[in-house]
Amino acid sequence: MVHTSLIKINSKNPESAKVQLAAKIILSGGLVAFPTETVYGLGANGLNPIAIRRIFSAKGRPTNNPLIMHIGSIDDLNNIAEGVTERELTIAKKFWPGPLTLILKKSKNVPRISTGGLESVAVRIPNNKISLSLIRAAGVPIAAPSANISGKPSPTRASHVVEDLWGKVDLILDGGRSAIGLESSVIDLTSQIPVLLRAGGVPYEKIRKVVGEISIHPLVTHPEKCSMGHNGTHKSPGMRYKHYSPKAELIIVEGSSSKVRNKIQELSNQIRKFEGKKVCIMSRSRNYGYYADMIMYMGSDFKTSGRNLYDILRCADHNKVDVIIAEGMEYKNLGLALMNRLKTAAKQVIKL
Ligand code: TXA
Ligand code: MG
């Protein structure tokens, strides 16, 4: 058991003494959980293999699932990536700081343990004052996965990190709620035609406008094929593992609004009456006034839904909900990432 400290830090103007303390812990091989604009990250010195190993054991993460390197400036890119071309720089300049992770050829400075043995490396500059001041104060890239126990929903509040990692990390910086609430989008730039490996904070439509031709990995839209033993190639090793799951069983119902509404109410009645289980409905449509059950309202626009998703999944667990029934949504804008996360966590997807 590690002694964990929890410190509140100002998100608009991070106090220098607190940032220095966190940077010192990083440089001495410790683990610091810190807020980013997407989700909280579990950070260690990205150049220190022993510190990086601690990340994997704290999270219970398989060691072949590589980490993202967080840097503080585009000038640092050449330290960790090789052969960065005009194409990559244009994309980086357009989206950084921000929720887009680029997969590039790794440089020899990057320890193999952080890339899970791959020759490529994932990099991004987060758009959050606390993360940026921490990375700059430490003066090293910070390797950071989401700060949750492997398989659980990503943390969007410091309290979620406390729940998962208390006694496993040295410091948790509490900088309030994550603004986006969904992880970064990940694109692979090691092939001629870029591939979207993970839908996330930057919508696919925006990426395509800048990148031009880009393909979408099939598991982005059909993550269920992975758990069902889909034998396509796993470009991103993270795709192999179950993710984002609440303890409650999750069922998604997709289709036209009125059909979905009726089906959800019917299902919910059945589960409550005949199985005696506690049900909660995740809604983001006008239907929410119609249901007779406990409702978790996600918000009508994609941004609000994105911000609320993981919070709601964790909240359902706190309320000892047995079954969550979620309305499906359009696979566009942040809906692509939202549906990906829901389907990855779901036990059943019903299409009407
Ligand atoms: O928003 C985010 O990306 C957050 C914050 C903390 O930055 N981080 C995050 O990290 O979500 P993590 O480890 O939970 O997810 C990283 C994803 C995984 O699916 C991993 O497999 C993939 O990126 N990845 C990392 N390095 C890769 C590589 N070299 N090639 C392909 N995929 C890679
Ligand atoms: Mg994660």
# chains A, B, ... in the order shown; residues from 1 in each chain; ligands from 1

$ residues_near_ligand --ligand "ligand 1" --cutoff "8 Å" --atoms "only C-alpha atoms and all ligand atoms" --output "JSON, numbers by chain"
{"A": [35, 36, 37, 38, 39, 40, 41, 42, 65, 66, 67, 68, 70, 99, 100, 101, 103, 104, 114, 115, 116, 118, 119, 120, 121, 122, 123, 124, 126, 144, 145, 146, 147, 154, 182, 183, 184, 185, 186, 188, 197, 198, 200, 201, 235, 236, 237, 238, 239]}

$ residues_around --residues "A:Gly72" --least-positions-apart "2" --cutoff "12 Å" --atoms "only C-alpha atoms" --output "PyMOL selection string"
chain A and resi 69-70+74-77+79+96-98+123-142

$ atom_distance --atom1 "atom CA of A:Pro223" --atom2 "atom CA of A:Gln348"
12.1 Å

$ residues_around --residues "stretch 51-56 of chain A" --least-positions-apart "3" --cutoff "10 Å" --atoms "only C-alpha atoms" --output "ChimeraX atom specification"
/A:26-32,42-48,59-67,111,113-114,142-145,147,149-150,168-169

$ residues_around --residues "A:Val321" --least-positions-apart "6" --cutoff "7 Å" --atoms "only C-alpha atoms" --output "PyMOL selection string"
chain A and resi 248+278-280

$ closest_residue --among "A:Tyr204, A:Tyr331, A:Phe95, A:Tyr310" --to "ligand 2" --atoms "only C-alpha atoms and all ligand atoms"
A:Tyr310

$ closest_residue --among "A:Met294, A:Met329, A:Leu342, A:Ile324" --to "A:Ser257" --atoms "only C-alpha atoms"
A:Met329

$ closest_atom_pairs --of "stretch 101-157 of chain A" --to "stretch 338-341 of chain A" --cutoff "12 Å" --atoms "only C-alpha atoms" --output "Markdown table"
| residue | atom | partner | partner_atom | distance |
| --- | --- | --- | --- | --- |
| A:Gly151 | CA | A:Arg341 | CA | 11.5 |
| A:Lys152 | CA | A:Arg341 | CA | 11.3 |
| A:Pro153 | CA | A:Arg341 | CA | 9.1 |
| A:Ser154 | CA | A:Arg341 | CA | 10.3 |

$ select_by_dssp --residues "stretch 93-139 of chain A" --states "strand (DSSP E)" --output "tab-separated table (two decimals) with N, CA, C and O atoms, in the first residue's frame"
chain	number	residue	atom	x	y	z
A	100	LEU	N	-6.71	14.79	-29.36
A	100	LEU	CA	-6.35	13.92	-30.49
A	100	LEU	C	-4.98	13.30	-30.22
A	100	LEU	O	-4.01	14.02	-29.95
A	101	THR	N	-4.92	11.97	-30.28
A	101	THR	CA	-3.66	11.25	-30.08
A	101	THR	C	-3.17	10.74	-31.43
A	101	THR	O	-3.95	10.18	-32.20
A	102	LEU	N	-1.88	10.97	-31.70
A	102	LEU	CA	-1.30	10.52	-32.96
A	102	LEU	C	-0.39	9.33	-32.71
A	102	LEU	O	0.41	9.33	-31.77
A	103	ILE	N	-0.51	8.31	-33.56
A	103	ILE	CA	0.41	7.16	-33.49
A	103	ILE	C	1.48	7.37	-34.55
A	103	ILE	O	1.19	7.51	-35.74
A	104	LEU	N	2.73	7.43	-34.08
A	104	LEU	CA	3.87	7.72	-34.95
A	104	LEU	C	4.95	6.66	-34.72
A	104	LEU	O	4.86	5.85	-33.78
A	105	LYS	N	5.99	6.70	-35.55
A	105	LYS	CA	7.10	5.76	-35.34
A	105	LYS	C	7.86	6.22	-34.09
A	105	LYS	O	8.15	7.41	-33.93
A	120	SER	N	5.80	1.70	-32.59
A	120	SER	CA	5.12	3.00	-32.71
A	120	SER	C	4.88	3.58	-31.32
A	120	SER	O	4.99	2.89	-30.31
A	121	VAL	N	4.57	4.88	-31.29
A	121	VAL	CA	4.30	5.54	-30.01
A	121	VAL	C	3.07	6.45	-30.15
A	121	VAL	O	2.85	7.06	-31.21
A	122	ALA	N	2.27	6.51	-29.10
A	122	ALA	CA	1.08	7.38	-29.10
A	122	ALA	C	1.44	8.68	-28.38
A	122	ALA	O	2.07	8.65	-27.32
A	123	VAL	N	1.08	9.83	-28.98
A	123	VAL	CA	1.45	11.12	-28.40
A	123	VAL	C	0.30	12.12	-28.46
A	123	VAL	O	-0.42	12.16	-29.46
A	124	ARG	N	0.19	12.94	-27.41
A	124	ARG	CA	-0.69	14.10	-27.53
A	124	ARG	C	-0.28	15.21	-26.59
A	124	ARG	O	0.45	14.98	-25.61
